[in-house]
Each structure stands twice: as structure tokens, then as C-alpha cells.
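**Student:** Handing over start21.txt, compact mmCIF, C-alpha atoms and all ligand atoms.
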```txt
# COMPACT_ATOMS: atom_id res chain seq x y z
CA VAL O 1 -79.67 6.68 24.33
CA ARG O 2 -78.00 9.44 26.30
CA HIS O 3 -77.07 11.30 23.11
CA LEU O 4 -80.77 12.17 22.64
CA LEU O 5 -80.65 14.54 25.60
CA ASP O 6 -79.49 17.34 23.30
CA ARG O 7 -82.38 17.04 20.82
CA ARG O 8 -85.26 19.54 20.76
CA VAL O 9 -88.16 17.23 19.91
CA LEU O 10 -88.46 13.48 20.51
CA PHE O 11 -91.30 11.14 19.62
CA PHE O 12 -91.57 7.87 21.52
CA GLY O 13 -93.49 5.36 19.46
CA GLY O 14 -94.16 1.66 19.14
CA LYS O 15 -96.82 -0.99 19.44
CA GLY O 16 -99.49 -0.70 22.13
CA GLY O 17 -98.35 -1.83 25.55
CA VAL O 18 -94.60 -2.03 24.90
CA GLY O 19 -93.75 0.82 27.27
CA LYS O 20 -93.93 4.03 25.21
CA THR O 21 -95.48 6.03 28.03
CA THR O 22 -93.10 4.60 30.60
CA CYS O 23 -90.02 5.32 28.48
CA ALA O 24 -91.17 8.76 27.33
CA ALA O 25 -91.87 9.80 30.94
CA ALA O 26 -88.59 8.29 32.17
CA PHE O 27 -86.63 10.07 29.45
CA ALA O 28 -88.37 13.38 30.13
CA LEU O 29 -87.47 12.92 33.79
CA ALA O 30 -83.87 12.20 32.82
CA ALA O 31 -83.67 15.35 30.71
CA SER O 32 -85.12 17.52 33.46
CA ARG O 33 -82.68 16.01 35.97
CA GLU O 34 -79.86 17.04 33.63
CA GLY O 35 -81.06 20.61 33.64
CA ARG O 36 -83.04 20.66 30.39
CA ARG O 37 -86.39 22.40 30.65
CA THR O 38 -88.63 19.63 29.42
CA LEU O 39 -92.24 19.34 28.37
CA LEU O 40 -93.80 15.87 28.18
CA VAL O 41 -96.79 15.79 25.83
CA SER O 42 -99.18 12.88 25.37
CA THR O 43 -100.87 12.67 21.97
CA ASP O 44 -102.26 9.18 22.55
CA PRO O 45 -106.06 9.51 22.87
CA ALA O 46 -105.81 6.77 25.52
CA HIS O 47 -103.75 8.98 27.83
CA SER O 48 -101.80 7.27 30.57
CA THR O 49 -99.13 9.87 31.22
CA SER O 50 -101.04 11.13 34.26
CA ASP O 51 -101.25 7.61 35.63
CA VAL O 52 -97.58 6.80 35.26
CA LEU O 53 -96.54 10.13 36.76
CA GLU O 54 -99.22 9.99 39.44
CA THR O 55 -99.95 13.64 38.62
CA ALA O 56 -103.18 14.77 36.98
CA LEU O 57 -102.32 16.37 33.65
CA GLY O 58 -104.72 18.25 31.44
CA PRO O 59 -104.91 20.08 28.12
CA THR O 60 -102.68 22.91 29.35
CA GLU O 61 -99.10 22.74 30.59
CA ARG O 62 -98.67 21.88 34.21
CA GLU O 63 -95.49 21.58 36.26
CA ILE O 64 -94.72 18.06 37.53
CA LEU O 65 -91.29 18.71 39.04
CA PRO O 66 -88.95 21.68 38.70
CA GLY O 67 -87.86 21.70 35.06
CA LEU O 68 -90.48 19.16 34.02
CA ALA O 69 -93.98 20.03 32.80
CA GLY O 70 -96.60 17.87 31.17
CA LEU O 71 -99.81 18.02 29.19
CA GLU O 72 -102.24 15.65 27.54
CA ILE O 73 -103.67 16.86 24.25
CA ASP O 74 -107.43 16.42 24.32
CA ALA O 75 -108.44 15.50 20.76
CA VAL O 76 -112.13 16.34 21.24
CA ARG O 77 -111.36 19.76 22.69
CA GLU O 78 -108.80 20.52 19.97
CA ALA O 79 -111.21 19.44 17.23
CA ARG O 80 -113.86 21.76 18.70
CA ARG O 81 -111.39 24.63 18.84
CA TYR O 82 -110.28 23.93 15.27
CA VAL O 83 -113.84 23.99 13.97
CA ASP O 84 -114.79 27.12 15.91
CA GLU O 85 -111.70 28.85 14.60
CA ALA O 86 -112.58 27.92 11.02
CA LYS O 87 -116.08 29.34 11.53
CA SER O 88 -114.91 32.59 13.06
CA ARG O 89 -112.35 33.11 10.31
CA MET O 90 -115.09 32.83 7.74
CA SER O 91 -117.45 35.19 9.45
CA GLY O 92 -115.61 38.24 8.15
CA LEU O 93 -115.46 36.92 4.62
CA PHE O 94 -118.98 36.09 3.50
CA GLY O 95 -122.54 37.28 3.74
CA PRO O 96 -124.99 35.74 6.26
CA ALA O 97 -126.64 33.30 3.81
CA VAL O 98 -123.37 31.81 2.62
CA LEU O 99 -122.11 31.80 6.18
CA ALA O 100 -125.02 29.80 7.56
CA GLU O 101 -124.56 27.15 4.89
CA ALA O 102 -120.80 27.10 5.32
CA ALA O 103 -121.15 26.74 9.10
CA ARG O 104 -123.45 23.79 8.54
CA GLN O 105 -120.92 22.20 6.18
CA ILE O 106 -118.12 22.73 8.68
CA GLU O 107 -120.15 21.13 11.46
CA LEU O 108 -120.78 18.12 9.23
CA ALA O 109 -117.14 17.92 8.24
CA SER O 110 -116.03 18.16 11.86
CA ALA O 111 -117.50 14.71 12.52
CA MET O 112 -115.38 13.20 9.75
CA PRO O 113 -112.59 10.83 10.68
CA GLY O 114 -109.28 12.60 10.55
CA VAL O 115 -110.43 15.96 11.86
CA ALA O 116 -109.37 15.09 15.39
CA ASP O 117 -105.93 14.08 14.08
CA LEU O 118 -105.67 17.33 12.18
CA ALA O 119 -106.59 19.28 15.27
CA VAL O 120 -104.09 17.37 17.42
CA PHE O 121 -101.44 17.95 14.78
CA ASP O 122 -102.28 21.64 14.82
CA ARG O 123 -101.73 21.76 18.57
CA MET O 124 -98.52 19.79 18.15
CA SER O 125 -97.35 22.37 15.59
CA ASP O 126 -98.10 25.17 18.04
CA LEU O 127 -95.96 23.48 20.64
CA VAL O 128 -93.09 22.65 18.28
CA LEU O 129 -93.03 26.03 16.53
CA SER O 130 -93.82 28.39 19.36
CA ARG O 131 -92.87 26.81 22.71
CA ALA O 132 -89.28 26.21 21.63
CA GLY O 133 -88.10 29.26 23.55
CA VAL O 134 -89.72 28.13 26.79
CA TYR O 135 -88.55 24.49 26.73
CA ASP O 136 -85.27 22.94 25.71
CA LEU O 137 -86.88 19.62 24.91
CA LEU O 138 -90.36 18.42 23.96
CA VAL O 139 -91.01 14.71 24.51
CA PHE O 140 -94.05 13.29 22.75
CA ASP O 141 -95.65 10.12 24.07
CA THR O 142 -97.49 9.04 20.92
CA ALA O 143 -100.39 6.77 20.02
CA PRO O 144 -99.54 3.23 18.84
CA THR O 145 -97.34 3.18 15.74
CA GLY O 146 -99.75 3.30 12.79
CA HIS O 147 -101.72 6.21 14.17
CA ALA O 148 -98.62 8.13 15.24
CA LEU O 149 -96.95 7.77 11.85
CA GLN O 150 -100.10 8.85 10.06
CA MET O 151 -100.05 12.00 12.14
CA LEU O 152 -96.37 12.73 11.56
CA ARG O 153 -96.90 12.34 7.83
CA LEU O 154 -99.80 14.81 7.79
CA PRO O 155 -97.67 17.78 6.72
CA ASP O 156 -96.62 15.97 3.52
CA GLY O 157 -100.17 15.25 2.42
CA LEU O 158 -101.57 18.55 3.61
CA SER O 159 -98.88 20.67 2.00
CA SER O 160 -99.73 19.59 -1.51
CA TRP O 161 -103.41 20.06 -0.78
CA VAL O 162 -102.92 23.58 0.60
CA GLU O 163 -100.58 24.39 -2.30
CA ALA O 164 -103.23 23.29 -4.80
CA LEU O 165 -105.89 25.39 -3.07
CA THR O 166 -103.58 28.38 -2.97
CA ARG O 167 -102.78 28.03 -6.65
CA ARG O 168 -106.46 27.85 -7.59
CA ARG O 169 -107.32 30.83 -5.46
CA ARG O 170 -104.52 32.86 -6.99
CA GLU O 171 -105.53 31.89 -10.54
CA GLY O 172 -109.12 32.81 -9.79
CA LEU O 173 -108.09 36.20 -8.46
CA GLU O 174 -105.84 36.87 -11.41
CA ALA O 175 -108.55 35.92 -13.88
CA ARG O 176 -110.93 38.27 -12.13
CA ALA O 177 -108.37 41.05 -12.05
CA SER O 178 -107.58 40.83 -15.75
CA ALA O 179 -111.29 40.70 -16.63
CA SER O 180 -111.89 43.97 -14.80
CA GLY O 181 -108.71 45.80 -15.76
CA ALA O 182 -105.14 45.27 -14.62
CA ASP O 183 -105.17 47.06 -11.28
CA ALA O 184 -108.65 46.24 -10.09
CA PRO O 185 -109.29 46.46 -6.35
CA GLY O 186 -109.18 43.15 -4.49
CA ALA O 187 -106.35 41.79 -6.61
CA ARG O 188 -103.99 39.34 -4.93
CA GLY O 189 -102.24 40.39 -1.76
CA ALA O 190 -105.35 41.86 -0.23
CA ASP O 191 -107.37 38.66 -0.51
CA PRO O 192 -108.15 37.25 2.97
CA VAL O 193 -108.70 33.68 1.78
CA LEU O 194 -105.34 33.69 0.04
CA ALA O 195 -103.75 35.12 3.18
CA ILE O 196 -105.17 32.28 5.31
CA LEU O 197 -104.03 29.65 2.82
CA GLU O 198 -100.57 31.15 2.62
CA ALA O 199 -100.27 31.25 6.41
CA ARG O 200 -101.31 27.58 6.60
CA GLY O 201 -98.82 26.67 3.90
CA ALA O 202 -96.02 28.51 5.68
CA ARG O 203 -96.77 26.70 8.95
CA LEU O 204 -96.78 23.32 7.24
CA SER O 205 -93.47 24.01 5.53
CA ALA O 206 -92.02 25.11 8.85
CA MET O 207 -93.12 21.80 10.42
CA ARG O 208 -91.74 19.80 7.49
CA ALA O 209 -88.45 21.63 7.68
CA GLU O 210 -88.30 21.03 11.43
CA PHE O 211 -89.13 17.31 11.09
CA GLY O 212 -86.32 16.95 8.59
CA ARG O 213 -83.67 18.28 11.00
CA ALA O 214 -82.05 15.10 12.28
CA ASP O 215 -79.93 17.08 14.72
CA ARG O 216 -83.08 18.44 16.41
CA VAL O 217 -85.96 16.05 15.90
CA ALA O 218 -85.92 12.26 16.26
CA PHE O 219 -88.22 9.32 16.64
CA VAL O 220 -87.39 6.74 19.30
CA LEU O 221 -88.61 3.23 18.56
CA VAL O 222 -89.77 1.40 21.69
CA LEU O 223 -90.34 -2.34 21.51
CA ILE O 224 -90.13 -5.54 23.50
CA PRO O 225 -88.19 -8.59 22.29
CA GLU O 226 -91.14 -10.39 20.70
CA ARG O 227 -92.21 -11.10 17.13
CA LEU O 228 -95.12 -8.67 16.60
CA PRO O 229 -93.55 -5.55 18.12
CA LEU O 230 -90.38 -6.28 16.15
CA GLU O 231 -92.21 -6.54 12.82
CA GLU O 232 -94.14 -3.36 13.58
CA SER O 233 -90.92 -1.51 14.40
CA VAL O 234 -89.24 -2.68 11.21
CA ARG O 235 -92.17 -1.32 9.20
CA ALA O 236 -92.16 1.93 11.17
CA ALA O 237 -88.43 2.35 10.50
CA HIS O 238 -89.09 2.12 6.74
CA GLU O 239 -91.97 4.57 6.86
CA LEU O 240 -90.03 7.04 8.95
CA SER O 241 -87.11 7.00 6.59
CA GLU O 242 -89.49 7.54 3.67
CA ALA O 243 -90.99 10.47 5.52
CA GLY O 244 -87.51 11.87 6.16
CA ILE O 245 -87.81 11.65 9.95
CA ALA O 246 -84.66 10.50 11.74
CA ILE O 247 -84.67 7.50 14.03
CA GLY O 248 -82.65 8.57 17.03
CA GLY O 249 -82.55 5.38 19.05
CA VAL O 250 -84.12 2.05 19.84
CA ILE O 251 -85.31 1.07 23.31
CA VAL O 252 -85.74 -2.62 23.97
CA ASN O 253 -87.96 -2.82 27.01
CA ARG O 254 -88.79 -5.70 29.33
CA VAL O 255 -85.65 -7.72 28.68
CA LEU O 256 -85.41 -10.60 31.18
CA PRO O 257 -82.70 -9.94 33.74
CA ASP O 258 -79.79 -12.36 34.21
CA ALA O 259 -81.15 -13.18 37.65
CA ALA O 260 -84.21 -14.85 36.10
CA SER O 261 -83.36 -18.54 36.00
CA GLY O 262 -85.06 -21.91 35.98
CA GLY O 263 -86.56 -23.92 33.11
CA TYR O 264 -89.36 -21.50 32.31
CA PHE O 265 -87.08 -18.44 32.21
CA GLU O 266 -84.36 -20.29 30.30
CA ALA O 267 -86.86 -21.07 27.56
CA ARG O 268 -88.06 -17.47 27.43
CA LYS O 269 -84.51 -16.16 27.41
CA ALA O 270 -83.62 -18.47 24.51
CA GLN O 271 -86.50 -16.98 22.53
CA GLU O 272 -85.50 -13.49 23.62
CA ARG O 273 -81.97 -13.98 22.31
CA VAL O 274 -83.37 -14.76 18.86
CA TYR O 275 -85.33 -11.49 18.84
CA LEU O 276 -82.50 -9.44 20.33
CA GLU O 277 -80.29 -10.65 17.53
CA GLU O 278 -82.98 -9.77 14.96
CA ILE O 279 -83.43 -6.33 16.51
CA GLU O 280 -79.70 -5.83 16.15
CA ARG O 281 -79.76 -6.89 12.52
CA ARG O 282 -83.05 -5.54 11.15
CA LEU O 283 -83.41 -2.14 12.78
CA PRO O 284 -81.30 0.85 11.73
CA PRO O 285 -77.84 1.13 13.28
CA VAL O 286 -78.68 3.72 15.91
CA PRO O 287 -77.88 3.51 19.63
CA ARG O 288 -79.90 1.01 21.67
CA ALA O 289 -80.93 1.02 25.29
CA LEU O 290 -82.04 -2.13 27.08
CA VAL O 291 -84.51 -1.86 29.95
CA PRO O 292 -84.98 -4.96 32.10
CA GLN O 293 -88.30 -6.45 33.01
CA LEU O 294 -88.80 -5.10 36.52
CA GLU O 295 -90.44 -7.10 39.28
CA SER O 296 -93.43 -4.76 39.31
CA ASP O 297 -95.09 -2.35 36.91
CA VAL O 298 -93.71 1.16 36.74
CA HIS O 299 -95.35 4.24 38.22
CA GLY O 300 -94.46 7.25 40.26
CA ILE O 301 -91.18 9.14 40.12
CA ALA O 302 -89.31 6.42 42.04
CA GLY O 303 -90.35 3.71 39.57
CA LEU O 304 -89.53 5.95 36.60
CA ASP O 305 -86.12 6.71 38.06
CA ARG O 306 -85.13 3.07 37.64
CA VAL O 307 -86.05 3.14 33.95
CA ARG O 308 -84.42 6.56 33.57
CA ALA O 309 -81.11 5.16 34.77
CA CYS O 310 -81.20 2.51 32.00
CA LEU O 311 -82.01 5.07 29.31
CA VAL O 312 -79.21 7.52 29.99
CA ALA O 313 -76.51 5.11 31.18
CA GLU O 314 -73.16 5.71 29.52
CA SER O 315 -72.99 3.05 26.82
CA ALA O 316 -70.25 1.75 24.58
CA PRO O 317 -70.42 3.33 21.11
CA ARG O 318 -71.80 1.08 18.43
CA GLY O 319 -69.43 -0.20 15.79
N1 LIG S 401 -89.53 -2.54 32.20
C1 LIG S 401 -90.73 -2.76 32.72
N2 LIG S 401 -90.88 -3.63 33.76
C2 LIG S 401 -92.09 -3.86 34.28
N3 LIG S 401 -93.23 -3.30 33.86
C3 LIG S 401 -93.16 -2.44 32.83
C4 LIG S 401 -91.91 -2.12 32.20
N4 LIG S 401 -92.16 -1.22 31.22
C5 LIG S 401 -93.48 -1.00 31.21
N5 LIG S 401 -94.09 -1.72 32.17
C6 LIG S 401 -95.54 -1.75 32.45
O1 LIG S 401 -96.20 -2.17 31.28
C7 LIG S 401 -97.44 -1.51 31.13
C8 LIG S 401 -97.53 -0.82 29.77
O2 LIG S 401 -96.57 0.23 29.70
P1 LIG S 401 -96.89 1.61 28.97
O3 LIG S 401 -95.70 2.47 29.14
O4 LIG S 401 -98.18 2.15 29.42
O5 LIG S 401 -97.02 1.10 27.46
P2 LIG S 401 -97.55 1.89 26.16
O6 LIG S 401 -97.51 3.35 26.47
O7 LIG S 401 -96.59 1.50 25.08
O8 LIG S 401 -98.90 1.38 25.88
C9 LIG S 401 -97.55 -0.53 32.28
O9 LIG S 401 -98.33 -1.11 33.30
C10 LIG S 401 -96.11 -0.38 32.75
O10 LIG S 401 -96.00 -0.09 34.12
MG MG S 402 -99.04 4.77 26.38
```
The structure in this file should be written as C-alpha cells.
Ligand SMILES: Nc1ncnc2c1ncn2[C@@H]1O[C@H](COP(=O)(O)OP(=O)(O)O)[C@@H](O)[C@H]1O
Ligand SMILES: [Mg+2]
**Tutor:**
Amino acid sequence: VRHLLDRRVLFFGGKGGVGKTTCAAAFALAASREGRRTLLVSTDPAHSTSDVLETALGPTEREILPGLAGLEIDAVREARRYVDEAKSRMSGLFGPAVLAEAARQIELASAMPGVADLAVFDRMSDLVLSRAGVYDLLVFDTAPTGHALQMLRLPDGLSSWVEALTRRRREGLEARASASGADAPGARGADPVLAILEARGARLSAMRAEFGRADRVAFVLVLIPERLPLEESVRAAHELSEAGIAIGGVIVNRVLPDAASGGYFEARKAQERVYLEEIERRLPPVPRALVPQLESDVHGIAGLDRVRACLVAESAPRG
């Protein structure tokens, strides 16, 4: 999947345990070795990027090697920041009585499922939209498939919601303006709520536009040659194409090496061949990389280097 080195944003996703973190870290390492300033970002609440890199990462960017930085988005911290920001934005807009009630409502809402995802998505947007000048490539190590896709599809759902709110606000302002004479003070343009909504809307459209750029943004499906990960990847491929997000490559991890022989391995390899053939047939025709099952688990730069070599090996073009 060498061709992905020239993308700007890559998401590594797949079923739990298939090797997303390993492959995302190995690919980020590959990119940095090829001179691309790379940021590896974990959005999986069960972070293991620090473990695989043997470097403690936190909520802010930290250099791992020259040209390679990493961070783990902390959902709880981002949700807190999101809620505090919402409160402080309101403080200029309403009187103390309304404000106290609104703050209470926001606190209640902040415990609702989905707020953490929203907050993580917000941080992701910051990185995608405003760190592009600092890094050549952002590599996202995502949560297991369903959760990751839900997050990537947030801009679609949110856009129509923000658009509806904006429309209602504008209609309300216009109604008020015409009731009190055509050029009443406080007509649209000066309204702070409308300004916030419009800024939100603009950011969401920017993210949607970015996600739709197949030459810049791609999702990399990681799986192992077994039934359940395969079915999950097939579903993810459909959902991604519906969401208009390009699939840039497929990584088949933990493929038994030729050297594995004997009755037990022969039986496993026979099963593997069935799934490899299905992977070929049922997943979109994008470049594949095969990573062998290594004799030990993968951690540290030396371990990742072995996986890296498989990911960026020169491969025959697919026909
Ligand atoms: N090709 C491989 N050979 C051996 N062990 C692997 C390989 N790929 C991943 N692993 C190990 O499998 C485990 C799960 O990998 P990880 O990347 O954390 O998966 P995920 O992020 O998808 O949950 C880790 O212990 C990792 O070291
Ligand atoms: Mg992981």
C-alpha cells in the first residue's frame, strides 16, 4: 500500500484485535522514514498506541522520532472542554437566570451518549483542518469498525441539524425585524447565535469536503483472514462508499508464512486460502498488503519496522 504515502489523512480501521494499532503505527513510521512529517493519532478510547510504540503519548502532540509525532485523544477531557466551551460561549448571550438554567441543561446533556464522540470528532476536525501545514500526513488509529464509522459519518448527520437550526434562527430574526420595522437593530448579521451556528456549519462542510477528496483522504481496511473480520470489513466497505469516503487499501494481517508446515498449519492454511480468495473477490479492488503472522507480538520500533517493510514493499499493480 505504498501509494498511500502521498495521502494527507489516513484512517486505519477494522475489527477489534486485527492489528489496526500495529499497522497504523507501522505505516506512520514508514511515512516518517520516507521524509513525510507524520502525526499518528489514536481515537480509540482503549488506547494502545503508547504501548506499541513504547513511548508514553498524551492528549497533546509529542515527538516519537524525528519526523514522527503522536497523540492519544482523551475523550473525557475533550468532552469536558467541549461543554465548558459551550457554556462560556453562552455567557455573553443571556442574562444570569437563563444562563444558570442553560448551564444546568448543558451539564445534563454532557452525560448523554454521543457527546464524547462529538468532542473527539471536534478535536479530529481541528487536527485535519488546522494542522495540515505542520504535518504532511495524519494517520488515525481508530476504534473498532462500527464506532469509527459512526464518528466519520457525524458530519453528514450534524450538517443537516446545524442547517435546520440556522434556518430557524434566521427566520426568527427576520420575523422579529419585520415586526419592528425593516432595519431594526439586531437584524441578521449581528446575531451572535447565528454567527456561532454559521461557523459550525462552515467547519462541518469543510470536513465533509475534505473527507470526499479521494486523492487526500482514505480509509485503510485492516483484517485477518477469518470469517468475522471479513464480514465486518465487507459491511464497512459498503458504509464507507455510501458515506463517500474512499477506501485506499486493504491490509491482510497475520497471514501464515510459507515456513509454517505440519498437519495443524496445513489445515489452517487451507482455511486461510478460502478467506484470502474471498477477500480478493468481495472487497473493493484497491491495493492489498499482506503481513505475515510473526513469531512474537509486535512492539517497539524494531518490531514495527518488520511490519513497515511489508506495508510499503513495492508490489505488482493489480489487474
Ligand atoms: N503480524 C502480526 N504478528 C504477530 N502479532 C501481531 C501481528 N499483528 C498484530 N499482532 C499483535 O496482535 C495484538 C493486537 O494488535 P493491535 O494492533 O493492538 O490490534 P487492534 O488495534 O486492531 O486492536 C497485539 O498484541 C499485536 O502485537
Ligand atoms: Mg488498537
**Student:** Taking only C-alpha atoms and all ligand atoms into account, name the residue in O:Ser261, O:Ser159, O:Thr55, O:Thr142 that is nearest to ligand LIG 401 (chain S).
**Tutor:**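 Closest candidate: O:Thr142.
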**Student:** What's the separation between atom CA of Val274 of chain O and atom CA of Gly17 of chain O, in Å to one decimal place?
**Tutor:**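 Atom CA of Gly17 of chain O lies at a distance of 20.9 Å from atom CA of Val274 of chain O.
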**Student:** Counting only C-alpha atoms and all ligand atoms, what residues are within 10 Å of ligand LIG 401 (chain S), given as a ChimeraX atom specification?
**Tutor:** /O:12-26,42,44,46-49,51-52,141-145,222-224,252-256,290-300,303-304,306-307,310
**Student:** Pick from O:Phe121, O:Arg36, O:Ala148, O:Glu61: nearest to ligand MG 402 (chain S), with only C-alpha atoms and all ligand atoms counted?
**Tutor:**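 Between O:Phe121, O:Arg36, O:Ala148, O:Glu61, the residue approaching ligand MG 402 (chain S) most closely is O:Ala148.
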**Student:** At a cut-off of 9 Å, using only C-alpha atoms, what residues contact Leu158 of chain O? Leave out same-chain residues fewer than 5 positions from it and give the result as a ChimeraX atom specification.
**Tutor:** /O:153,163,201,204
**Student:** List the neighbours of Leu127 of chain O out to 12 Å using only C-alpha atoms; skip same-chain residues closer than 4 positions along the sequence, and give me the result as a PyMOL selection string.
**Tutor:** chain O and resi 8-9+39-41+43+60-61+70-71+73+120-123+131-140+207
**Student:** Hey, which of O:Thr166, O:Ala97, O:Ala270, O:Ala119 ends up closest to Pro192 of chain O? Count only C-alpha atoms.
**Tutor:**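 Among the listed residues, the smallest separation from Pro192 of chain O belongs to O:Thr166.
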**Student:** When distances are computed from only C-alpha atoms and all ligand atoms, which of O:Gln105, O:Ser88, O:Ser50, O:Ser160 shows the smallest separation from ligand MG 402 (chain S)?
**Tutor:**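 Ranking O:Gln105, O:Ser88, O:Ser50, O:Ser160 by distance to ligand MG 402 (chain S), first place goes to O:Ser50.
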**Student:** Looking at only C-alpha atoms and all ligand atoms, which of O:Glu278, O:Leu197, O:Pro45, O:Arg169 is the one that sits closest to ligand MG 402 (chain S)?
**Tutor:**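 Selected residue with least distance to ligand MG 402 (chain S): O:Pro45.
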**Student:** Atom CA of Leu29 of chain O and atom CA of Asp6 of chain O, how far apart in Å?
**Tutor:** 13.9 Å
**Student:** How many Å lie between atom CA of Glu266 of chain O and atom CA of Ala289 of chain O, rounded to one decimal?
**Tutor:**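 Separation of atom CA of Glu266 of chain O and atom CA of Ala289 of chain O: 22.2 Å.
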**Student:** Nearest residue to ligand MG 402 (chain S) out of O:Leu53, O:Ala100, O:Phe219, O:Tyr275, using only C-alpha atoms and all ligand atoms?
**Tutor:**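 Closest to ligand MG 402 (chain S), using only C-alpha atoms and all ligand atoms: O:Leu53.
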